[in-house]
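K.L.:
Questions regarding the structure given below will be posed in turn.
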Amino acid sequence: MNVDALKEIVGEGGWSCSPDELEPHLTEWRDRWRGRTAILLRPRSTQQVADIVKACLAKKISIVPQGGNTGLCGGAIPDDSGQQVLLSLAKMNTIRDVSTTNFSMTVEAGCTLAAVQAAAADVDCQFPLSLAAEGSCQIGGNLSTNAGGINVLRFGTARQQTLGLEVVLPDGNVLHGLKSLRKDTAGYDLKQLFIGAEGTLGVITAATLKMFPAPRDVRTVLMSVRSPDDAVNLLAEMRRAFSDQVQAFELIPARAVNFVLKHISSCRFPLQEPGEWHVLADVAGVREPDAFEELLAGFLESGQANDAVIAKNAAEADELWRLRHGVSEAQKKEGASLKHDVSVPVASVGEFIASATKAVEEEVAGIRVVAFGHVGDGNIHFNLSVPERGDPQKFLAMRKRLAKCVHDIVHELGGSFSAEHGIGQAKREELERYTDPVAVALMRTLKTAIDPFNIMNPGKVI
Ligand SMILES: Cc1cc2nc3c(=O)[nH]c(=O)nc-3n(C[C@H](O)[C@H](O)[C@H](O)COP(=O)(O)OP(=O)(O)OC[C@H]3O[C@@H](n4cnc5c(N)ncnc54)[C@H](O)[C@@H]3O)c2cc1C
């Protein structure tokens with residue numbers, strides 16, 4: 001492929017063909033996918049992105065947008081033809097505008113999520129999207145996957161936190177949609193097409209996002225509970241007592257705690273001893289700490305919780321959250337694992353975990369289930385680790401069978417096989433199997449209408 005025209009568009013420092021530089025961009029976080037590329041482009045402006053897309057369209061070269069490459073479904077990894085262009089947004093990392101009266105900010109797609117959060121914090125505000133990969137993932141990638149994370153309970157997913165988008169379309173035109181309006185019913189809400197599209201409909205170059213007042217008086221509590229059902233009941237009681245102030249509510253099983261303590265030396269466990277299950281919750285705006293403590297004391301007295309610790313300060317709260325955020329990394333270090341990012345109605349979480357655990361244990365003796373995550377949203381990461389002393393390759397070869405086991409149960413419970421990580425290359429079959437055929441046909445119609453030559457991230461999602 002002749003890439004000279006593309007090099008010219010981005011100029012010196014805006015491209016690379018060096019194998020060493022390309023390497024980290026060609027493998028996925030868990031090493032599940034590996035691709036090749038003709039060139040890595042790092043445009044600095046929306047105009048450069050538009051020129052790249054036009055040049056690629058003219059030669060029918062396909063483009064794979066890439067943010068922080070922390071996605072877990074292979075969406076940002078090119079195929080192995082070596083003919084696709086990899087488009088990194090990393091150099092488009094300017095915070096264009098912050099408004100403390102409109103409670104909004106306009107940022108370029110390549111800003112890391114941590115940088116966006118910091119820009120909001122600088123003006124005593126909060127951008128509440130938060131997830132373990134926030135130091136490296138980029139806002140363009142967050143929007144393209146409709147990322148969720150730990151604060152969905154109160155603030156919704158990336159979709160609900162976005163006011164406007166700037167997008168380079170597959171024909172090179174720019175959709176100038178950086179509105180900062182709270183109300184706008186002028187026709188279709190086009191931004192929502194690109195949020196969660198995983199780069200298959202265009203390249204997001206900038207976004208206008210909602211900010212919120214910085215949270216005050218946040219209480220972080222870790223409790224051990226008997227079962228996921230008890231966790232769900234505690235959530236309901238906490239919400240009744242504190243309404244929308246409950247902003248995060250996470251489930252952590254004993255096995256996840258053990259993995260974290262084994263593999264991440266900086267983490268420590270503050271309860272006397274791990275219970276079977278734990279809940280980590282953030283409640284904001286607790287102006288009467290006594291009322292909060294009374295509620296927890298009630299949980300302990302009634303046996304709904306066995307033990308509890310409230311962080312005394314921000315450092316202790318961070319320590320508790322490190323435990324939760326370390327689960328994915330610790331499980332990776334523990335050996336081969338299979339992930340299922342599913343959601344069910346919150347009330348069905350207990351039933352789902354029990355049925356799916358039974359089903360996979362019948363398939364693989366000694367399989368180690370780690371069911372953790374955003375229980376407050378009904379989103380469980382139902383992850384499976386290879387049995388101790390088991391053969392990792394043999395275990396990974398069970399991927400499809402185990403996924404069907406888990407996803408069939410999710411489907412029966414009215415849930416989703418893809419709660420927050422997206423489809424990428426990983427779940428295209430599932431999309432066909434579990435999604436209403438009318439919806440799948442409509443997605444295809446939209447894809448063909450917007451990207452008739454299929455140059456935007458082909459082979460992903462649909
Ligand atoms: C340890 C760990 C924890 C995680 N926890 C969570 C979690 O709690 N919640 C959650 O939702 N996710 C989580 N993830 C998954 C991942 O971090 C998110 O999906 C994140 O939003 C991806 O952002 P990224 O910038 O890394 O995107 P990438 O991985 O680079 O790309 C993801 C997809 O978006 C497309 N894309 C990227 N940038 C653009 C753009 N500018 N325009 C158009 N398309 C684009 C890519 O082509 C690809 O299809 C976690 C990942 C890790 C490794």
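Within each chain, counting starts at residue 1; across the structure tokens, chains are named A, B, ... in the order shown, with ligands numbered 1 upward in that order.
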Can you tell me, as a ChimeraX atom specification, what residues are no more than 6 Å from Met211 of chain A when counting only C-alpha atoms, ignoring any on the same chain fewer than 5 positions away?
P.N.:
/A:103-104,126-127
K.L.:
Could you list, as a PyMOL selection string, all protein and nucleic acid residues with an atom at most 7 Å from ligand 1, counting only C-alpha atoms and all ligand atoms?
P.N.:
chain A and resi 29+64-72+75-76+89+109-110+131-134+136-150+198-199+202-205+328-329+420-421+424+457
K.L.:
Which of segment 75-300 of chain A end up as alpha helix (DSSP H) when DSSP is run on this backbone - answer as number ranges by chain?
P.N.:
A: 113-122, 139-144, 152-155, 191-194, 228-242, 254-263, 289-300
K.L.:
Using DSSP on the backbone coordinates, identify the residues of segment 241-395 of chain A assigned to strand (DSSP E or B); present them as number ranges by chain.
P.N.:
A: 246-253, 277-283, 305-310, 337-338, 341-343, 368-374, 379-385
K.L.:
Name the residues in contact with Ala248 of chain A at a cut-off of 6 Å, using only C-alpha atoms, excluding same-chain residues fewer than 6 positions from it; report them as a list of chain:residue names.
P.N.:
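After dropping sequence-adjacent residues, the list is A:Ile150, A:Asn151, A:Ala281, A:Asp282.
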